[in-house]
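Note: the block below is final_5.txt and it holds compact mmCIF, C-alpha atoms.
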```
# COMPACT_ATOMS: atom_id res chain seq x y z
CA MET J 193 43.30 6.40 33.27
CA ASP J 194 40.33 6.54 30.92
CA GLU J 195 37.52 4.20 31.62
CA THR J 196 35.55 2.86 28.68
CA PRO J 197 31.88 3.46 29.39
CA SER J 198 29.88 0.28 29.63
CA PRO J 199 27.12 -0.16 27.05
CA PRO J 200 23.66 0.71 28.31
CA LYS J 201 21.62 -2.21 29.55
CA PRO J 202 18.63 -3.03 27.37
CA SER J 203 15.34 -2.03 28.90
CA ARG J 204 13.19 -4.89 30.07
CA GLY J 205 10.01 -2.85 29.84
CA ILE J 206 7.64 -2.59 26.87
CA TYR J 207 5.48 0.21 25.58
CA LEU J 208 1.94 -0.24 26.83
CA LEU J 209 -0.32 1.67 24.43
CA PRO J 210 0.56 0.19 20.99
CA ASN J 211 0.83 -3.32 22.44
CA LEU J 212 -2.65 -2.96 23.96
CA PHE J 213 -4.01 -2.42 20.45
CA THR J 214 -2.04 -5.43 19.22
CA THR J 215 -3.42 -7.55 22.05
CA ALA J 216 -6.95 -6.38 21.30
CA ALA J 217 -6.47 -7.33 17.64
CA MET J 218 -5.28 -10.81 18.62
CA PHE J 219 -8.23 -11.13 21.02
CA SER J 220 -10.59 -10.35 18.13
CA GLY J 221 -8.96 -13.04 16.04
CA PHE J 222 -9.21 -15.55 18.86
CA TYR J 223 -12.85 -14.62 19.41
CA ALA J 224 -13.50 -15.27 15.70
CA ILE J 225 -12.21 -18.83 16.17
CA VAL J 226 -14.42 -19.37 19.22
CA ALA J 227 -17.46 -17.91 17.43
CA ALA J 228 -16.87 -20.16 14.41
CA ILE J 229 -16.69 -23.24 16.63
CA GLY J 230 -20.08 -22.18 18.01
CA ALA J 231 -21.46 -21.78 14.45
CA ARG J 232 -21.79 -17.99 14.85
CA TYR J 233 -20.19 -17.25 11.52
CA THR J 234 -21.38 -13.67 11.09
CA GLU J 235 -19.91 -12.78 14.48
CA ALA J 236 -16.68 -14.52 13.48
CA ALA J 237 -16.41 -12.52 10.25
CA ILE J 238 -17.11 -9.24 12.04
CA ALA J 239 -14.48 -10.07 14.67
CA VAL J 240 -11.83 -10.45 11.94
CA PHE J 241 -12.77 -7.03 10.53
CA VAL J 242 -12.47 -5.55 14.02
CA ALA J 243 -9.01 -7.12 14.23
CA THR J 244 -8.16 -5.43 10.91
CA LEU J 245 -9.12 -2.00 12.29
CA LEU J 246 -7.13 -2.54 15.48
CA ASP J 247 -4.13 -3.83 13.52
CA GLY J 248 -4.15 -0.65 11.46
CA LEU J 249 -4.16 1.46 14.61
CA ASP J 250 -1.32 -0.11 16.61
CA GLY J 251 1.43 0.88 14.17
CA ARG J 252 0.06 4.39 13.74
CA VAL J 253 -0.24 4.86 17.48
CA ALA J 254 3.36 3.67 17.91
CA ARG J 255 4.62 6.12 15.28
CA LEU J 256 2.59 9.06 16.62
CA THR J 257 3.71 8.49 20.22
CA GLY J 258 7.31 7.53 19.37
CA THR J 259 6.88 4.12 21.02
CA GLN J 260 8.07 1.87 18.17
CA SER J 261 10.14 -1.13 19.24
CA GLU J 262 11.43 -4.42 17.89
CA PHE J 263 9.28 -6.20 20.46
CA GLY J 264 6.20 -4.46 19.07
CA VAL J 265 7.11 -5.49 15.51
CA GLN J 266 7.47 -9.16 16.41
CA TYR J 267 4.39 -9.15 18.64
CA ASP J 268 2.37 -7.57 15.84
CA SER J 269 3.44 -10.33 13.43
CA LEU J 270 2.37 -13.05 15.86
CA SER J 271 -0.96 -11.28 16.36
CA ASP J 272 -1.43 -11.05 12.58
CA LEU J 273 -0.80 -14.79 12.23
CA VAL J 274 -3.62 -15.49 14.70
CA SER J 275 -6.07 -12.88 13.39
CA PHE J 276 -5.43 -13.08 9.64
CA GLY J 277 -3.95 -16.55 9.26
CA LEU J 278 -5.41 -19.07 11.66
CA ALA J 279 -8.74 -17.37 12.35
CA PRO J 280 -9.89 -17.02 8.71
CA ALA J 281 -8.67 -20.53 7.90
CA LEU J 282 -10.61 -22.07 10.78
CA VAL J 283 -13.70 -19.95 10.11
CA MET J 284 -13.77 -21.06 6.49
CA TYR J 285 -13.19 -24.69 7.46
CA THR J 286 -15.94 -24.89 10.07
CA TRP J 287 -18.32 -22.81 7.92
CA SER J 288 -17.93 -24.46 4.52
CA LEU J 289 -14.83 -26.55 3.84
CA SER J 290 -15.73 -29.23 6.39
CA ALA J 291 -18.92 -29.94 4.38
CA LEU J 292 -16.75 -31.52 1.68
CA LYS J 293 -16.39 -34.57 3.92
CA GLY J 294 -19.92 -35.50 2.91
CA PHE J 295 -18.72 -36.14 -0.65
CA GLY J 296 -16.12 -38.71 0.32
CA PRO J 297 -12.69 -39.00 1.97
CA PHE J 298 -10.88 -37.34 -0.94
CA TRP J 299 -13.02 -34.21 -0.83
CA GLY J 300 -12.70 -34.12 2.94
CA LYS J 301 -8.93 -33.91 2.55
CA VAL J 302 -9.34 -31.16 -0.04
CA GLY J 303 -11.30 -29.17 2.54
CA TRP J 304 -8.76 -29.21 5.35
CA ALA J 305 -5.86 -28.92 2.88
CA ALA J 306 -7.33 -25.69 1.48
CA ALA J 307 -7.63 -24.26 5.00
CA PHE J 308 -4.05 -25.29 5.80
CA ILE J 309 -2.69 -23.79 2.57
CA TYR J 310 -4.29 -20.46 3.46
CA ALA J 311 -2.86 -20.50 7.00
CA ALA J 312 0.61 -21.59 5.84
CA CYS J 313 0.71 -18.91 3.13
CA ALA J 314 -0.24 -16.27 5.70
CA ALA J 315 2.70 -17.37 7.88
CA LEU J 316 5.08 -17.34 4.89
CA ARG J 317 3.86 -13.92 3.83
CA LEU J 318 4.45 -12.45 7.30
CA ALA J 319 7.91 -14.02 7.53
CA ARG J 320 8.88 -12.65 4.11
CA PHE J 321 7.57 -9.20 4.99
CA ASN J 322 9.61 -9.11 8.21
CA THR J 323 12.83 -10.03 6.38
CA GLN J 324 12.30 -7.52 3.57
CA VAL J 325 10.79 -4.61 5.50
CA ASN J 326 13.93 -2.44 5.14
CA VAL J 327 14.60 -3.11 1.45
CA ILE J 328 11.21 -3.01 -0.29
CA ASP J 329 9.38 0.00 -1.71
CA LYS J 330 7.03 1.04 1.09
CA ARG J 331 4.49 2.31 -1.43
CA TYR J 332 3.69 -1.26 -2.43
CA PHE J 333 3.17 -4.66 -0.85
CA GLN J 334 4.84 -7.68 -2.43
CA GLY J 335 1.91 -10.06 -2.44
CA LEU J 336 -1.54 -9.52 -1.00
CA ALA J 337 -1.35 -8.31 2.62
CA SER J 338 -2.75 -10.81 5.12
CA PRO J 339 -5.44 -8.39 6.46
CA ALA J 340 -6.68 -7.85 2.88
CA ALA J 341 -6.75 -11.61 2.22
CA ALA J 342 -8.64 -12.18 5.46
CA GLY J 343 -11.03 -9.35 4.59
CA LEU J 344 -11.81 -10.92 1.21
CA CYS J 345 -12.56 -14.32 2.75
CA MET J 346 -14.57 -12.98 5.69
CA ALA J 347 -16.58 -10.61 3.49
CA PHE J 348 -17.50 -13.65 1.38
CA VAL J 349 -18.60 -15.56 4.50
CA TRP J 350 -20.59 -12.59 5.80
CA THR J 351 -22.26 -11.98 2.43
CA ILE J 352 -23.35 -15.61 2.00
CA GLU J 353 -24.66 -15.66 5.57
CA ARG J 354 -26.92 -12.70 4.69
CA THR J 355 -28.58 -14.70 1.89
CA ASP J 356 -30.65 -17.88 1.85
CA LEU J 357 -27.50 -19.91 1.18
CA THR J 358 -25.20 -21.57 3.71
CA GLY J 359 -21.56 -22.50 3.74
CA ASP J 360 -22.49 -26.03 2.70
CA ASP J 361 -24.06 -24.68 -0.49
CA VAL J 362 -20.82 -23.03 -1.63
CA CYS J 363 -18.39 -25.68 -0.35
CA PHE J 364 -17.00 -26.22 -3.86
CA ILE J 365 -16.29 -22.48 -4.26
CA THR J 366 -14.64 -21.89 -0.89
CA PRO J 367 -11.51 -24.01 -1.62
CA PHE J 368 -10.73 -21.85 -4.67
CA LEU J 369 -11.20 -18.72 -2.57
CA ALA J 370 -9.00 -19.98 0.27
CA ILE J 371 -6.21 -21.29 -1.96
CA GLY J 372 -6.37 -18.29 -4.30
CA ALA J 373 -6.12 -15.79 -1.43
CA GLY J 374 -3.28 -17.82 0.08
CA LEU J 375 -1.25 -17.97 -3.13
CA LEU J 376 -1.74 -14.26 -3.73
CA MET J 377 -0.20 -13.58 -0.30
CA ILE J 378 3.06 -15.29 -1.29
CA SER J 379 3.04 -14.10 -4.91
CA ASN J 380 5.08 -11.28 -6.43
CA VAL J 381 1.93 -9.37 -7.36
CA ARG J 382 2.27 -5.73 -6.29
CA TYR J 383 -0.45 -4.04 -4.26
CA TYR J 384 -0.60 -0.38 -3.35
CA SER J 385 0.00 -0.10 0.41
CA PHE J 386 -1.54 3.37 1.03
CA LYS J 387 1.32 4.00 3.48
CA ALA J 388 2.52 6.98 1.46
CA TRP J 389 -0.98 8.50 1.22
CA PRO J 390 -1.97 11.23 1.72
CA LEU J 391 1.15 13.13 0.72
CA SER J 392 0.07 16.20 2.73
CA ASP J 393 -2.56 17.32 5.20
CA LYS J 394 -4.73 18.54 2.33
CA VAL J 395 -6.62 16.28 -0.08
CA PRO J 396 -8.79 17.08 -3.13
CA PHE J 397 -12.37 18.03 -2.32
CA ILE J 398 -13.72 15.02 -4.24
CA TRP J 399 -12.49 12.73 -1.44
CA ILE J 400 -15.09 14.14 0.99
CA PRO J 401 -18.23 13.20 -1.01
CA LEU J 402 -16.56 9.93 -2.05
CA ALA J 403 -15.95 8.99 1.59
CA MET J 404 -19.52 9.98 2.40
CA LEU J 405 -20.87 7.71 -0.35
CA ILE J 406 -18.77 4.80 0.89
CA LEU J 407 -20.02 5.28 4.45
CA VAL J 408 -23.64 5.39 3.25
CA ALA J 409 -23.12 2.26 1.16
CA LEU J 410 -21.57 0.48 4.15
CA ALA J 411 -24.56 1.44 6.27
CA ILE J 412 -27.00 0.09 3.67
CA ASP J 413 -25.31 -3.26 2.97
CA THR J 414 -22.05 -3.69 4.87
CA PRO J 415 -21.02 -7.22 3.80
CA ARG J 416 -21.62 -6.76 0.07
CA VAL J 417 -19.82 -3.41 0.01
CA LEU J 418 -16.87 -4.87 1.89
CA LEU J 419 -16.76 -7.83 -0.50
CA THR J 420 -16.83 -5.46 -3.48
CA ILE J 421 -14.03 -3.31 -2.06
CA ALA J 422 -11.91 -6.38 -1.25
CA ALA J 423 -12.46 -7.90 -4.70
CA LEU J 424 -11.58 -4.63 -6.46
CA TYR J 425 -8.41 -4.32 -4.37
CA VAL J 426 -7.38 -7.89 -5.27
CA LEU J 427 -7.99 -7.18 -8.97
CA SER J 428 -6.10 -3.87 -8.74
CA GLY J 429 -2.90 -5.69 -7.85
CA LEU J 430 -3.25 -8.07 -10.78
CA VAL J 431 -3.87 -5.17 -13.16
CA LEU J 432 -0.99 -3.12 -11.68
CA THR J 433 1.43 -6.03 -12.03
CA ALA J 434 0.30 -6.90 -15.57
CA TRP J 435 0.64 -3.27 -16.64
CA GLY J 436 4.12 -3.13 -15.12
CA LEU J 437 5.19 -6.24 -17.06
CA ILE J 438 3.81 -4.82 -20.30
CA ARG J 439 5.65 -1.53 -19.79
CA HIS J 440 8.87 -3.39 -18.89
CA ARG J 441 8.74 -5.48 -22.07
CA ARG J 442 7.92 -2.42 -24.17
CA ASP J 443 10.88 -0.50 -22.69
CA ARG J 444 13.18 -3.47 -23.38
CA ARG J 445 12.07 -3.58 -27.00
CA ALA J 446 12.58 0.17 -27.31
CA ALA J 447 16.08 -0.11 -25.80
CA ARG J 448 17.00 -2.81 -28.33
CA GLY J 449 15.78 -0.75 -31.24
CA GLY J 450 12.57 -2.64 -31.68
CA THR J 451 14.34 -5.77 -32.97
CA GLU J 452 13.12 -8.05 -30.20
CA PRO J 453 10.30 -10.32 -31.47
```
If you convert what's in this file into structure tokens, what do you get?
Amino acid sequence: MDETPSPPKPSRGIYLLPNLFTTAAMFSGFYAIVAAIGARYTEAAIAVFVATLLDGLDGRVARLTGTQSEFGVQYDSLSDLVSFGLAPALVMYTWSLSALKGFGPFWGKVGWAAAFIYAACAALRLARFNTQVNVIDKRYFQGLASPAAAGLCMAFVWTIERTDLTGDDVCFITPFLAIGAGLLMISNVRYYSFKAWPLSDKVPFIWIPLAMLILVALAIDTPRVLLTIAALYVLSGLVLTAWGLIRHRRDRRAARGGTEP
């Protein structure tokens, strides 16, 4: 009599190495919140950038060591929500948006609403990414990735902190930044993901001096260079999407024999 083999029991263990990186990234995000509460805004911004580096490492470590798991995917999303959703929102609120309360109750509500919109959009973006991860083109992100949105906001905080200005001085600019970054996260704007690059182990020689120049620029003025890179990346998605729409409309006109008005 044949016995049907019983299905293997799911393992109750988890892979240690990639989840340590994920935990470290979440710790950096949590530290950013604590630093912001203590009015140490430069430290808070740097902590979010550290979280970005660690977040980029955990997935690569998992793929290199063959330790990818569904647990790691879900844990990484929760860590991203803390580091790139809640932390930037709270940093921006304590640094600048809370100053709007001094202009009346209405403006005070605008301040915390802008911070909430950013945090909520980060959560929505992560949820959408998790549900579409197996069907989207991996070369592109649909909407601005949450680490990039957090990098844009924290580079702005860090840059202003390096000048004679304070968060209170730019409190009418920060809501537009927070809401704009949030809406871009849940938009259909396409951003290059860099996941398919490089295509081989060899790259053109020009990348070596270019990387050297970027490193030198970062050493000279880190916050302004990071803000410039983040702003150019945000604009690149808008240009890429606009160009795609123009090409799509042109192809449709060509397919219809040029009769479409």
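What separates atom CA of J:Gly221 from atom CA of J:Trp299 is a distance of 27.4 Å.
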Any idea what the distance is between atom CA of J:Ile238 and atom CA of J:Gly374?
20.2 Å
For J:Thr433: contacts at 12 Å, all atoms listed in the file, fewer than 6 positions along chain excluded, given as a PyMOL selection string
chain J and resi 332-336+379-384+426-427+439-440
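Taking atom CA of J:Ser261 and atom CA of J:Leu208 as endpoints, the distance between them is 11.2 Å.
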Residues within 12 Å of J:Phe222, only C-alpha atoms, excluding chain neighbours under 2 positions, as JSON, numbers by chain:
{"J": [215, 216, 217, 218, 219, 220, 224, 225, 226, 227, 228, 229, 235, 236, 237, 239, 240, 242, 243, 271, 272, 273, 274, 275, 276, 277, 278, 279, 280, 282, 283]}
Would you write out, as JSON lines, a table of all residues in stretch 267-329 of chain J that have an atom no more than 12 Å from an atom of stretch 349-353 of chain J, listing for each the closest atom pair and the distance in Å to one decimal, considering all atoms listed in the file and ordering rows by chain and rising residue number?
```
{"residue": "J:Pro280", "atom": "CA", "partner": "J:Val349", "partner_atom": "CA", "distance": 9.8}
{"residue": "J:Ala281", "atom": "CA", "partner": "J:Val349", "partner_atom": "CA", "distance": 11.6}
{"residue": "J:Val283", "atom": "CA", "partner": "J:Val349", "partner_atom": "CA", "distance": 8.6}
{"residue": "J:Met284", "atom": "CA", "partner": "J:Val349", "partner_atom": "CA", "distance": 7.6}
{"residue": "J:Tyr285", "atom": "CA", "partner": "J:Val349", "partner_atom": "CA", "distance": 11.0}
{"residue": "J:Thr286", "atom": "CA", "partner": "J:Val349", "partner_atom": "CA", "distance": 11.2}
{"residue": "J:Trp287", "atom": "CA", "partner": "J:Val349", "partner_atom": "CA", "distance": 8.0}
{"residue": "J:Ser288", "atom": "CA", "partner": "J:Val349", "partner_atom": "CA", "distance": 8.9}
{"residue": "J:Leu289", "atom": "CA", "partner": "J:Val349", "partner_atom": "CA", "distance": 11.6}
```
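In terms of minimum interatomic distance to J:Val265, J:Thr214 ranks closest within J:Leu437, J:Ala305, J:Thr214, J:Leu369, counting only C-alpha atoms.
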Expected residue set, 8 Å radius at (-22.4, -29.9, 1.2), all atoms listed in the file, as a list in words:
Ser288, Ala291, Leu292, Gly294, Phe295, Gly359, Asp360, Asp361, Val362 and Cys363 of chain J
Kindly list the centre and edge lengths in Å, rounded to one decimal, for the axis-aligned box that covers all listed atoms of stretch 285-292 of chain J plus 8 Å on each of its six sides, as lines of an AutoDock Vina configuration file.
```
center_x = -16.1
center_y = -27.2
center_z = 5.9
size_x = 21.7
size_y = 24.7
size_z = 24.4
```
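Distance annotation: of J:Ala337, J:Ile400, J:Val417, J:Ala434, the residue with the minimal separation from J:Arg320 is J:Ala337; atom set is all atoms listed in the file.
Of the residues listed (J:Phe321, J:Ala341, J:Tyr267, J:Lys301), J:Ala341 shows the shortest atom-to-atom separation from J:Thr244; distances use all atoms listed in the file.
Each of J:Tyr207, J:Gly436, J:Ser290, J:Ala447 was compared to J:Ala307 using all atoms listed in the file, and J:Ser290 turns out to be the nearest.
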Rank J:Gly296, J:Gly248, J:Pro401, J:Pro415 by their smallest atom-to-atom distance to J:Leu344, using all atoms listed in the file, and report the top residue only.
J:Pro415
What lies within 9 Å of J:Thr259 using only C-alpha atoms, ignoring chain neighbours under 2 positions off, as a PyMOL selection string?
chain J and resi 206-210+253-257+261+264
How would the residues just chosen look if you wrote them out with C-alpha atoms as a PDB file, in the coordinates of the input?
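New file again-v3.pdb:
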```pdb
ATOM      1  CA  ILE J 206       7.640  -2.590  26.870  1.00  0.00           C
ATOM      2  CA  TYR J 207       5.480   0.210  25.580  1.00  0.00           C
ATOM      3  CA  LEU J 208       1.940  -0.240  26.830  1.00  0.00           C
ATOM      4  CA  LEU J 209      -0.320   1.670  24.430  1.00  0.00           C
ATOM      5  CA  PRO J 210       0.560   0.190  20.990  1.00  0.00           C
ATOM      6  CA  VAL J 253      -0.240   4.860  17.480  1.00  0.00           C
ATOM      7  CA  ALA J 254       3.360   3.670  17.910  1.00  0.00           C
ATOM      8  CA  ARG J 255       4.620   6.120  15.280  1.00  0.00           C
ATOM      9  CA  LEU J 256       2.590   9.060  16.620  1.00  0.00           C
ATOM     10  CA  THR J 257       3.710   8.490  20.220  1.00  0.00           C
ATOM     11  CA  SER J 261      10.140  -1.130  19.240  1.00  0.00           C
ATOM     12  CA  GLY J 264       6.200  -4.460  19.070  1.00  0.00           C
TER      13      GLY J 264
END
```
Top pick for closest residue to J:Ala342, considering J:Ala446, J:Leu432, J:Ala373, J:Leu318 and counting only C-alpha atoms
J:Ala373
Kindly complete stretch 317-346 of chain J to N, CA and C atoms; the output should be written as a JSON list (two decimals), in the frame of the given file.
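And here is the file that came out, rebuild.json:
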```
[["chain", "number", "residue", "atom", "x", "y", "z"],
["J", 317, "ARG", "N", 3.93, -15.31, 4.24],
["J", 317, "ARG", "CA", 3.86, -13.92, 3.83],
["J", 317, "ARG", "C", 4.37, -12.98, 4.93],
["J", 318, "LEU", "N", 4.00, -13.27, 6.18],
["J", 318, "LEU", "CA", 4.45, -12.45, 7.30],
["J", 318, "LEU", "C", 5.95, -12.60, 7.51],
["J", 319, "ALA", "N", 6.47, -13.81, 7.37],
["J", 319, "ALA", "CA", 7.91, -14.02, 7.53],
["J", 319, "ALA", "C", 8.68, -13.29, 6.45],
["J", 320, "ARG", "N", 8.20, -13.35, 5.21],
["J", 320, "ARG", "CA", 8.88, -12.65, 4.11],
["J", 320, "ARG", "C", 8.83, -11.15, 4.31],
["J", 321, "PHE", "N", 7.70, -10.64, 4.77],
["J", 321, "PHE", "CA", 7.57, -9.20, 4.99],
["J", 321, "PHE", "C", 8.56, -8.73, 6.06],
["J", 322, "ASN", "N", 8.70, -9.50, 7.13],
["J", 322, "ASN", "CA", 9.61, -9.11, 8.21],
["J", 322, "ASN", "C", 11.07, -9.08, 7.75],
["J", 323, "THR", "N", 11.45, -9.99, 6.84],
["J", 323, "THR", "CA", 12.83, -10.03, 6.38],
["J", 323, "THR", "C", 13.12, -9.00, 5.30],
["J", 324, "GLN", "N", 12.08, -8.46, 4.65],
["J", 324, "GLN", "CA", 12.30, -7.52, 3.57],
["J", 324, "GLN", "C", 11.82, -6.10, 3.90],
["J", 325, "VAL", "N", 11.43, -5.87, 5.15],
["J", 325, "VAL", "CA", 10.79, -4.61, 5.50],
["J", 325, "VAL", "C", 11.69, -3.41, 5.24],
["J", 326, "ASN", "N", 13.02, -3.57, 5.31],
["J", 326, "ASN", "CA", 13.93, -2.44, 5.14],
["J", 326, "ASN", "C", 14.45, -2.28, 3.72],
["J", 327, "VAL", "N", 14.05, -3.17, 2.80],
["J", 327, "VAL", "CA", 14.60, -3.11, 1.45],
["J", 327, "VAL", "C", 13.52, -2.94, 0.38],
["J", 328, "ILE", "N", 12.26, -3.10, 0.72],
["J", 328, "ILE", "CA", 11.21, -3.01, -0.29],
["J", 328, "ILE", "C", 10.68, -1.59, -0.38],
["J", 329, "ASP", "N", 10.04, -1.29, -1.50],
["J", 329, "ASP", "CA", 9.38, 0.00, -1.71],
["J", 329, "ASP", "C", 8.13, 0.05, -0.82],
["J", 330, "LYS", "N", 8.12, 0.98, 0.12],
["J", 330, "LYS", "CA", 7.03, 1.04, 1.09],
["J", 330, "LYS", "C", 5.70, 1.47, 0.47],
["J", 331, "ARG", "N", 5.73, 1.94, -0.76],
["J", 331, "ARG", "CA", 4.49, 2.31, -1.43],
["J", 331, "ARG", "C", 3.68, 1.09, -1.85],
["J", 332, "TYR", "N", 4.35, -0.07, -1.93],
["J", 332, "TYR", "CA", 3.69, -1.26, -2.43],
["J", 332, "TYR", "C", 3.95, -2.45, -1.51],
["J", 333, "PHE", "N", 2.99, -3.36, -1.49],
["J", 333, "PHE", "CA", 3.17, -4.66, -0.85],
["J", 333, "PHE", "C", 3.58, -5.68, -1.90],
["J", 334, "GLN", "N", 4.52, -6.55, -1.56],
["J", 334, "GLN", "CA", 4.84, -7.68, -2.43],
["J", 334, "GLN", "C", 3.93, -8.83, -2.03],
["J", 335, "GLY", "N", 2.92, -9.08, -2.81],
["J", 335, "GLY", "CA", 1.91, -10.06, -2.44],
["J", 335, "GLY", "C", 0.77, -9.39, -1.69],
["J", 336, "LEU", "N", -0.36, -10.05, -1.69],
["J", 336, "LEU", "CA", -1.54, -9.52, -1.00],
["J", 336, "LEU", "C", -1.31, -9.53, 0.51],
["J", 337, "ALA", "N", -1.53, -8.39, 1.17],
["J", 337, "ALA", "CA", -1.35, -8.31, 2.62],
["J", 337, "ALA", "C", -2.33, -9.24, 3.32],
["J", 338, "SER", "N", -1.90, -9.84, 4.42],
["J", 338, "SER", "CA", -2.75, -10.81, 5.12],
["J", 338, "SER", "C", -4.06, -10.21, 5.60],
["J", 339, "PRO", "N", -4.13, -8.95, 6.10],
["J", 339, "PRO", "CA", -5.44, -8.39, 6.46],
["J", 339, "PRO", "C", -6.38, -8.28, 5.26],
["J", 340, "ALA", "N", -5.83, -7.95, 4.08],
["J", 340, "ALA", "CA", -6.68, -7.85, 2.88],
["J", 340, "ALA", "C", -7.18, -9.23, 2.46],
["J", 341, "ALA", "N", -6.33, -10.24, 2.55],
["J", 341, "ALA", "CA", -6.75, -11.61, 2.22],
["J", 341, "ALA", "C", -7.83, -12.08, 3.18],
["J", 342, "ALA", "N", -7.63, -11.81, 4.47],
["J", 342, "ALA", "CA", -8.64, -12.18, 5.46],
["J", 342, "ALA", "C", -9.93, -11.42, 5.23],
["J", 343, "GLY", "N", -9.84, -10.14, 4.87],
["J", 343, "GLY", "CA", -11.03, -9.35, 4.59],
["J", 343, "GLY", "C", -11.82, -9.90, 3.42],
["J", 344, "LEU", "N", -11.13, -10.33, 2.36],
["J", 344, "LEU", "CA", -11.81, -10.92, 1.21],
["J", 344, "LEU", "C", -12.58, -12.17, 1.61],
["J", 345, "CYS", "N", -11.92, -13.05, 2.35],
["J", 345, "CYS", "CA", -12.56, -14.32, 2.75],
["J", 345, "CYS", "C", -13.72, -14.09, 3.73],
["J", 346, "MET", "N", -13.52, -13.20, 4.70],
["J", 346, "MET", "CA", -14.57, -12.98, 5.69],
["J", 346, "MET", "C", -15.74, -12.19, 5.12]]
```
